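Structure file upload-v4.csv (CSV, C-alpha atoms) is printed below.
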```
chain,number,residue,atom,x,y,z
A,1,MET,CA,-59.6,-113.1,-28.0
A,2,GLN,CA,-59.0,-116.4,-26.2
A,3,ASP,CA,-55.5,-115.3,-25.4
A,4,MET,CA,-56.8,-112.1,-23.8
A,5,LYS,CA,-59.2,-114.1,-21.7
A,6,GLN,CA,-56.4,-116.4,-20.6
A,7,SER,CA,-54.3,-113.4,-19.7
A,8,VAL,CA,-57.1,-111.9,-17.7
A,9,ASP,CA,-57.8,-115.1,-15.9
A,10,ALA,CA,-54.1,-115.7,-15.2
A,11,ILE,CA,-53.8,-112.2,-13.6
A,12,ALA,CA,-56.9,-112.7,-11.4
A,13,SER,CA,-55.5,-116.2,-10.4
A,14,ASN,CA,-52.1,-114.8,-9.6
A,15,LEU,CA,-53.6,-112.0,-7.5
A,16,PHE,CA,-55.6,-114.5,-5.6
A,17,ARG,CA,-52.5,-116.6,-4.8
A,18,VAL,CA,-50.4,-113.6,-3.8
A,19,ARG,CA,-53.2,-112.3,-1.5
A,20,GLN,CA,-53.5,-115.7,0.1
A,21,SER,CA,-49.8,-115.9,0.6
A,22,ILE,CA,-49.8,-112.5,2.2
A,23,ALA,CA,-52.7,-113.4,4.5
A,24,GLU,CA,-51.0,-116.6,5.6
A,25,ALA,CA,-47.7,-115.0,6.3
A,26,ALA,CA,-49.4,-112.1,8.2
A,27,ARG,CA,-51.4,-114.5,10.3
A,28,ALA,CA,-48.3,-116.3,11.3
A,29,PHE,CA,-46.1,-113.3,12.1
A,30,THR,CA,-48.2,-110.2,12.7
A,31,GLY,CA,-51.7,-111.5,13.3
A,32,SER,CA,-53.5,-109.8,10.4
A,33,SER,CA,-52.9,-108.6,6.8
A,34,ASP,CA,-55.3,-105.7,7.2
A,35,ALA,CA,-52.5,-103.2,7.6
A,36,ILE,CA,-50.6,-104.4,4.5
A,37,ARG,CA,-51.1,-102.7,1.2
A,38,LEU,CA,-50.4,-104.7,-1.9
A,39,ILE,CA,-49.0,-102.6,-4.7
A,40,ALA,CA,-49.2,-104.3,-8.1
A,41,VAL,CA,-46.0,-103.2,-9.9
A,42,SER,CA,-47.3,-102.6,-13.4
A,43,LYS,CA,-44.2,-101.1,-14.9
A,44,GLY,CA,-43.5,-102.5,-18.3
A,45,HIS,CA,-47.0,-104.0,-18.6
A,46,GLN,CA,-49.9,-102.9,-20.9
A,47,PRO,CA,-53.0,-101.1,-19.8
A,48,SER,CA,-55.0,-104.2,-20.6
A,49,ALA,CA,-53.1,-106.1,-17.9
A,50,ILE,CA,-53.7,-103.3,-15.4
A,51,ALA,CA,-57.4,-103.3,-16.3
A,52,ALA,CA,-57.5,-107.1,-15.6
A,53,ALA,CA,-56.0,-106.5,-12.2
A,54,ILE,CA,-58.5,-103.7,-11.5
A,55,ALA,CA,-61.3,-106.1,-12.5
A,56,ALA,CA,-59.9,-108.6,-9.9
A,57,GLY,CA,-60.2,-105.9,-7.2
A,58,GLN,CA,-56.7,-104.4,-7.2
A,59,LYS,CA,-56.5,-100.7,-6.3
A,60,ASP,CA,-52.8,-99.8,-5.9
A,61,PHE,CA,-50.4,-99.8,-8.8
A,62,GLY,CA,-46.6,-99.0,-9.0
A,63,GLU,CA,-44.7,-97.5,-11.8
A,64,SER,CA,-41.0,-96.5,-12.0
A,65,THR,CA,-40.8,-94.1,-15.0
A,66,THR,CA,-43.0,-91.2,-15.8
A,67,GLN,CA,-42.8,-91.8,-19.6
A,68,ASP,CA,-44.2,-95.3,-19.2
A,69,ALA,CA,-46.8,-94.4,-16.5
A,70,LEU,CA,-48.4,-91.2,-17.7
A,71,PRO,CA,-50.1,-92.7,-20.8
A,72,LYS,CA,-51.5,-95.6,-18.7
A,73,ILE,CA,-52.8,-93.2,-16.1
A,74,SER,CA,-54.5,-91.1,-18.7
A,75,GLN,CA,-55.9,-94.0,-20.6
A,76,LEU,CA,-57.3,-95.8,-17.6
A,77,ALA,CA,-58.5,-92.6,-15.9
A,78,ASN,CA,-59.9,-94.4,-12.9
A,79,PRO,CA,-60.3,-92.2,-9.8
A,80,SER,CA,-60.6,-95.2,-7.5
A,81,ILE,CA,-56.9,-96.2,-8.3
A,82,ASP,CA,-53.9,-95.1,-6.3
A,83,TRP,CA,-50.8,-94.7,-8.3
A,84,HIS,CA,-47.4,-95.2,-6.6
A,85,PHE,CA,-44.2,-93.9,-8.1
A,86,ILE,CA,-41.6,-96.4,-6.9
A,87,GLY,CA,-38.5,-95.8,-9.1
A,88,HIS,CA,-35.7,-93.3,-8.9
A,89,LEU,CA,-37.0,-89.9,-9.8
A,90,GLN,CA,-34.9,-87.3,-11.5
A,91,THR,CA,-35.6,-83.7,-10.4
A,92,ASN,CA,-36.6,-82.6,-13.9
A,93,LYS,CA,-39.4,-85.2,-13.7
A,94,ALA,CA,-40.8,-83.9,-10.4
A,95,LYS,CA,-43.5,-81.9,-12.1
A,96,PHE,CA,-45.2,-85.1,-13.3
A,97,ILE,CA,-45.8,-86.6,-9.8
A,98,PRO,CA,-48.5,-84.2,-8.4
A,99,GLY,CA,-51.9,-84.8,-10.0
A,100,ASN,CA,-50.9,-88.2,-11.3
A,101,PHE,CA,-49.5,-90.1,-8.3
A,102,SER,CA,-50.8,-90.3,-4.7
A,103,TRP,CA,-47.5,-91.8,-3.4
A,104,LEU,CA,-43.8,-91.3,-4.0
A,105,HIS,CA,-41.7,-94.1,-2.5
A,106,SER,CA,-38.3,-92.9,-3.5
A,107,LEU,CA,-37.5,-89.4,-2.1
A,108,ASP,CA,-33.8,-89.1,-1.7
A,109,ASN,CA,-32.8,-85.4,-2.0
A,110,LEU,CA,-34.1,-82.1,-0.8
A,111,ASP,CA,-34.2,-80.4,-4.1
A,112,LEU,CA,-36.6,-83.0,-5.4
A,113,ALA,CA,-38.9,-82.5,-2.4
A,114,ARG,CA,-38.9,-78.7,-3.0
A,115,LYS,CA,-39.9,-79.2,-6.6
A,116,ILE,CA,-42.6,-81.7,-5.9
A,117,SER,CA,-44.0,-79.4,-3.2
A,118,ARG,CA,-44.2,-76.4,-5.5
A,119,ARG,CA,-45.9,-78.3,-8.2
A,120,ALA,CA,-48.3,-80.0,-5.8
A,121,GLN,CA,-49.4,-76.6,-4.6
A,122,GLU,CA,-50.0,-75.4,-8.1
A,123,VAL,CA,-52.4,-78.3,-8.8
A,124,SER,CA,-53.9,-78.5,-5.3
A,125,ALA,CA,-52.6,-82.0,-4.7
A,126,ASN,CA,-51.1,-83.7,-1.7
A,127,ILE,CA,-48.4,-86.3,-2.1
A,128,ASN,CA,-47.6,-89.1,0.4
A,129,ILE,CA,-43.9,-89.3,0.7
A,130,LEU,CA,-41.6,-92.2,1.6
A,131,ILE,CA,-37.9,-91.7,2.0
A,132,GLU,CA,-35.8,-94.3,0.2
A,133,VAL,CA,-33.0,-95.7,2.4
A,134,ASN,CA,-30.1,-97.7,1.0
A,135,VAL,CA,-30.0,-100.1,4.0
A,136,SER,CA,-27.7,-102.6,2.3
A,137,ARG,CA,-25.3,-99.8,1.2
A,138,ASP,CA,-25.3,-101.2,-2.3
A,139,PRO,CA,-23.5,-98.8,-4.6
A,140,LYS,CA,-25.8,-99.8,-7.4
A,141,LYS,CA,-28.9,-98.7,-5.5
A,142,HIS,CA,-30.3,-95.3,-4.8
A,143,GLY,CA,-31.4,-93.9,-1.5
A,144,ILE,CA,-30.2,-92.2,1.7
A,145,ALA,CA,-27.5,-93.9,3.7
A,146,PRO,CA,-29.0,-95.1,7.1
A,147,ASP,CA,-26.7,-92.8,9.2
A,148,ALA,CA,-27.7,-89.8,7.0
A,149,LEU,CA,-31.4,-90.3,7.5
A,150,PRO,CA,-31.9,-88.2,10.7
A,151,ASP,CA,-30.2,-85.2,9.2
A,152,PHE,CA,-32.2,-85.5,6.0
A,153,ILE,CA,-35.5,-85.6,7.9
A,154,GLU,CA,-34.4,-82.6,10.0
A,155,GLN,CA,-33.8,-80.7,6.8
A,156,LEU,CA,-37.1,-81.7,5.4
A,157,LEU,CA,-39.0,-80.6,8.5
A,158,LYS,CA,-37.1,-77.3,8.6
A,159,GLU,CA,-38.2,-76.6,5.1
A,160,ASN,CA,-41.8,-77.1,6.1
A,161,LEU,CA,-42.8,-78.0,2.6
A,162,PRO,CA,-46.6,-77.7,1.9
A,163,ALA,CA,-48.5,-80.5,0.2
A,164,LEU,CA,-46.1,-83.2,1.2
A,165,SER,CA,-47.0,-85.7,3.9
A,166,LEU,CA,-44.0,-87.7,5.3
A,167,ARG,CA,-45.4,-91.2,5.7
A,168,GLY,CA,-42.4,-93.6,6.2
A,169,LEU,CA,-39.5,-95.4,4.6
A,170,MET,CA,-38.8,-97.6,1.6
A,171,THR,CA,-35.9,-99.9,0.8
A,172,ILE,CA,-34.9,-102.6,-1.7
A,173,GLY,CA,-33.7,-105.8,-0.1
A,174,PRO,CA,-30.4,-107.5,-1.1
A,175,HIS,CA,-30.7,-109.6,-4.2
A,176,ALA,CA,-30.6,-113.4,-4.0
A,177,ALA,CA,-29.4,-113.3,-0.4
A,178,PRO,CA,-30.0,-115.7,2.5
A,179,GLU,CA,-33.2,-115.1,4.4
A,180,LYS,CA,-31.3,-114.0,7.5
A,181,GLU,CA,-29.6,-111.2,5.5
A,182,ILE,CA,-32.9,-110.2,3.8
A,183,ARG,CA,-34.7,-110.0,7.1
A,184,GLY,CA,-31.8,-108.2,8.7
A,185,CYS,CA,-32.1,-105.5,6.0
A,186,PHE,CA,-35.9,-105.1,6.6
A,187,ALA,CA,-35.5,-105.2,10.4
A,188,LYS,CA,-33.0,-102.3,10.1
A,189,LEU,CA,-35.5,-100.2,8.1
A,190,ARG,CA,-38.2,-100.9,10.7
A,191,GLY,CA,-35.9,-99.8,13.4
A,192,LEU,CA,-35.1,-96.6,11.5
A,193,ARG,CA,-38.8,-95.8,11.1
A,194,ASP,CA,-39.5,-96.4,14.7
A,195,GLU,CA,-36.6,-94.2,15.8
A,196,CYS,CA,-37.4,-91.3,13.5
A,197,ARG,CA,-41.1,-91.4,14.3
A,198,GLN,CA,-40.4,-91.0,18.0
A,199,ARG,CA,-37.5,-88.6,17.6
A,200,TYR,CA,-39.3,-86.2,15.4
A,201,ALA,CA,-42.9,-86.7,16.8
A,202,LEU,CA,-44.3,-87.9,13.5
A,203,PRO,CA,-47.5,-89.8,14.2
A,204,GLY,CA,-48.2,-90.4,10.5
A,205,PHE,CA,-44.7,-91.8,9.9
A,206,THR,CA,-45.9,-95.4,9.9
A,207,GLU,CA,-45.2,-97.0,6.5
A,208,LEU,CA,-42.6,-99.5,5.5
A,209,SER,CA,-42.4,-100.1,1.8
A,210,MET,CA,-40.3,-103.2,1.4
A,211,GLY,CA,-40.6,-106.6,-0.2
A,212,MET,CA,-41.0,-107.6,-3.8
A,213,SER,CA,-42.0,-110.8,-5.7
A,214,GLY,CA,-39.0,-112.7,-4.4
A,215,ASP,CA,-38.9,-111.6,-0.8
A,216,TYR,CA,-42.3,-110.2,0.3
A,217,VAL,CA,-42.9,-113.0,2.8
A,218,GLU,CA,-39.6,-112.0,4.5
A,219,ALA,CA,-40.8,-108.4,4.5
A,220,ILE,CA,-44.1,-109.3,6.1
A,221,LYS,CA,-42.1,-111.1,8.9
A,222,GLU,CA,-40.4,-107.8,9.6
A,223,GLY,CA,-43.5,-105.6,9.6
A,224,ALA,CA,-43.9,-104.4,6.0
A,225,THR,CA,-47.0,-102.3,5.5
A,226,MET,CA,-46.5,-102.0,1.7
A,227,LEU,CA,-45.4,-104.8,-0.7
A,228,ARG,CA,-44.3,-104.0,-4.2
A,229,VAL,CA,-45.1,-107.1,-6.2
A,230,GLY,CA,-45.0,-107.3,-10.0
A,231,THR,CA,-43.8,-110.6,-11.6
A,232,ALA,CA,-45.8,-112.8,-9.2
A,233,ILE,CA,-49.0,-110.9,-10.5
A,234,PHE,CA,-48.3,-110.0,-14.1
A,235,GLY,CA,-45.6,-112.4,-15.1
A,236,ASP,CA,-42.4,-111.4,-16.8
A,237,ARG,CA,-42.4,-108.0,-18.6
A,238,ASP,CA,-42.6,-108.1,-22.4
A,239,TYR,CA,-39.7,-105.9,-23.4
A,240,SER,CA,-40.7,-106.1,-27.1
A,241,GLN,CA,-43.6,-103.8,-26.3
A,242,LYS,CA,-41.3,-101.1,-25.0
```

Can you present the structure in this file as C-alpha cells?
Amino acid sequence: MQDMKQSVDAIASNLFRVRQSIAEAARAFTGSSDAIRLIAVSKGHQPSAIAAAIAAGQKDFGESTTQDALPKISQLANPSIDWHFIGHLQTNKAKFIPGNFSWLHSLDNLDLARKISRRAQEVSANINILIEVNVSRDPKKHGIAPDALPDFIEQLLKENLPALSLRGLMTIGPHAAPEKEIRGCFAKLRGLRDECRQRYALPGFTELSMGMSGDYVEAIKEGATMLRVGTAIFGDRDYSQK
C-alpha cells in the first residue's frame, strides 16, 4: 500500500515538474502554454498509473497499440478523458479507433483513412486526424515523405471522408541528435503545416504533434501544440507486466 502511495505521489510530482517546464519554455519562446496540449503517453503502464495521473488533473493519454489500450479504456471508462492513438496503425486495426479514441496521430495511407471513416460513421463518432510525416526520412520510421504530403492531402480531400477531421501533422524527432538538428526537423513540420493549411484552405489544420520526453522543450521552441511525454511522467515502462 505504501508503494502504491509512493507511485501515485511520484506521478503527481512528475506531472507538476513537466507542466512547469512546459510553461517556462512556452513563456520564453511563444508567450503562453495555453495552446499546448500535454499527452501523457501511458503505453506499457498499468491502469493504476493512469488513474494516478487523472487524479493529478491529466486529461489526455496516448497509446500505441490497440491490444494494450482497449482494456485500459474499458476499465477506466472515464468520459472526461481524451485518448490519443499515437503509434503506427495497421489497417486491420482501424475498426478499434472510432468509439475509443478521439485522436489519431499517425495517419499515413488512404486505405486506413477510408476504413476509419466507415467505422466512425457506424458508431456515430468523429475522429480528429493528424498525418504522420517522416521529416527526418529515417527508414526505420513510419510516415509520409515531406514531398509526398501535398498529394496525400489532395487525395484525402477528394475522397471527402465523413467523420474525419483533418487537424494537423505529427512527427518523431531524430534520436539523440544535436539541438539544431532536432529543431530543424520540427521547424520543417511547422512549415509544412502552414503551407498545407493555406494551400488547401483548412482553417482547422492547426495542430503540431511533436516532442517527447527527451525533446519536448525543443518542440515548444518550434511551435508544438501537442507534446507526447511518457517517461518523464510515468518513469520507465515495466516490460515484465506485458

**Q.** Residue neighbourhood A:Ile36, 7 Å, only C-alpha atoms, exclusion window fewer than 5 positions, as a PyMOL selection string
**A.** chain A and resi 224-226

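Checking A:Phe16, A:Phe152, A:Phe61, A:Phe101 one by one against A:Asn128, counting all atoms listed in the file, you find the shortest gap at A:Phe101.
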
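Taking only C-alpha atoms into account, those protein, DNA and RNA residues with any atom at most 10 Å away from (-55.3, -94.9, -2.6) amount to A:Arg37, A:Lys59, A:Asp60, A:Phe61, A:Pro79, A:Ser80, A:Ile81, A:Asp82, A:Trp83, A:His84, A:Phe101, A:Ser102, A:Trp103.
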
Could you list, as a PDB file with C-alpha atoms, keeping the file's coordinate frame, every residue within 10 Å of A:Ser21, counting all atoms listed in the file and ignoring same-chain residues fewer than 5 positions away?
```
ATOM      1  CA  LEU A  15     -53.600-112.000  -7.500  1.00  0.00           C
ATOM      2  CA  PHE A  16     -55.600-114.500  -5.600  1.00  0.00           C
ATOM      3  CA  ALA A  26     -49.400-112.100   8.200  1.00  0.00           C
ATOM      4  CA  ARG A  27     -51.400-114.500  10.300  1.00  0.00           C
ATOM      5  CA  TYR A 216     -42.300-110.200   0.300  1.00  0.00           C
ATOM      6  CA  VAL A 217     -42.900-113.000   2.800  1.00  0.00           C
TER       7      VAL A 217
END
```

Q) In Å to one decimal, how far is atom CA of A:Ala201 from atom CA of A:Pro98? A)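 We find that atom CA of A:Pro98 and atom CA of A:Ala201 lie 25.9 Å from each other.
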
Q. In Å, with one decimal, what is the gap from atom CA of A:Ala56 to atom CA of A:Ala12?
A. 5.3 Å

Excluding stretch 105-111 of chain A and residues on its chain fewer than 3 positions from it, collect all residues at most 8 Å away from it, counting only C-alpha atoms, and give them as a compact mmCIF listing (two decimals) with C-alpha atoms, keeping the file's coordinate frame.
```
# COMPACT_ATOMS: atom_id res chain seq x y z
CA HIS A 84 -47.40 -95.20 -6.60
CA PHE A 85 -44.20 -93.90 -8.10
CA ILE A 86 -41.60 -96.40 -6.90
CA GLY A 87 -38.50 -95.80 -9.10
CA HIS A 88 -35.70 -93.30 -8.90
CA LEU A 89 -37.00 -89.90 -9.80
CA THR A 91 -35.60 -83.70 -10.40
CA ARG A 114 -38.90 -78.70 -3.00
CA LYS A 115 -39.90 -79.20 -6.60
CA ILE A 129 -43.90 -89.30 0.70
CA LEU A 130 -41.60 -92.20 1.60
CA ILE A 131 -37.90 -91.70 2.00
CA GLU A 132 -35.80 -94.30 0.20
CA VAL A 133 -33.00 -95.70 2.40
CA HIS A 142 -30.30 -95.30 -4.80
CA GLY A 143 -31.40 -93.90 -1.50
CA ILE A 144 -30.20 -92.20 1.70
CA PHE A 152 -32.20 -85.50 6.00
CA GLN A 155 -33.80 -80.70 6.80
CA LEU A 156 -37.10 -81.70 5.40
CA LEU A 169 -39.50 -95.40 4.60
CA MET A 170 -38.80 -97.60 1.60
CA SER A 209 -42.40 -100.10 1.80
```

Q: Find, counting all atoms listed in the file, the residue in A:Ala25, A:Ile233, A:Ala125, A:Ile172 that gets nearest to A:Asp138.
A: A:Ile172

Q) Which residue out of A:Thr65, A:Ser165, A:Thr206, A:Ser136 has the minimum interatomic distance to A:Ala177 when only C-alpha atoms are used? A)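 Distance minimum relative to A:Ala177 lands on A:Ser136.
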
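The nearest approach to A:Ala51 among the residues A:Thr231, A:Thr66, A:Gln75, A:Ser33, with all atoms listed in the file taken into account, belongs to A:Gln75.
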
Q: For each of A:Glu24, A:Ile11, A:Arg19, A:Gly230, take the minimum atom-to-atom distance to A:Ala49, counting only C-alpha atoms, then give the residue where this is smallest.
A: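 Closest to A:Ala49 of all the choices is A:Ile11.
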
Q: Could you please determine the separation between atom CA of A:Lys72 and atom CA of A:Pro47 in Å, to one decimal place?
A: 5.8 Å

Q: Return the single residue from A:Val229, A:Cys185, A:Ala94, A:Ala55 that is closest to A:Pro146, with distances computed using all atoms listed in the file.
A: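 Result for the nearest residue to A:Pro146: A:Cys185.
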
Q.
Here's a test: counting only C-alpha atoms, identify every protein, DNA and RNA residue with an atom at most 12 Å from (-44.6, -113.4, -17.5) in the file's coordinate frame, and state them as number ranges by chain.
A. A: 7, 10-11, 14, 42, 44-45, 49, 230-239

Excluding A:Gln67 and any residue of its chain fewer than 6 positions from it, enumerate the residues within 12 Å of it, using all atoms listed in the file, and give them as a PDB file with C-alpha atoms, keeping the file's coordinate frame.
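Output contents, as saved in selection-v1.pdb:
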```
ATOM      1  CA  LYS A  43     -44.200-101.100 -14.900  1.00  0.00           C
ATOM      2  CA  GLY A  44     -43.500-102.500 -18.300  1.00  0.00           C
ATOM      3  CA  ILE A  73     -52.800 -93.200 -16.100  1.00  0.00           C
ATOM      4  CA  SER A  74     -54.500 -91.100 -18.700  1.00  0.00           C
ATOM      5  CA  PHE A  85     -44.200 -93.900  -8.100  1.00  0.00           C
ATOM      6  CA  LEU A  89     -37.000 -89.900  -9.800  1.00  0.00           C
ATOM      7  CA  LYS A  93     -39.400 -85.200 -13.700  1.00  0.00           C
ATOM      8  CA  PHE A  96     -45.200 -85.100 -13.300  1.00  0.00           C
ATOM      9  CA  ILE A  97     -45.800 -86.600  -9.800  1.00  0.00           C
ATOM     10  CA  LYS A 242     -41.300-101.100 -25.000  1.00  0.00           C
TER      11      LYS A 242
END
```

Q) Got a sec: who's within 9 Å of A:Gln58, counting all atoms listed in the file, leaving out chain neighbours fewer than 5 positions off, as a PyMOL selection string? A) chain A and resi 15+38-40+50+52-53+81
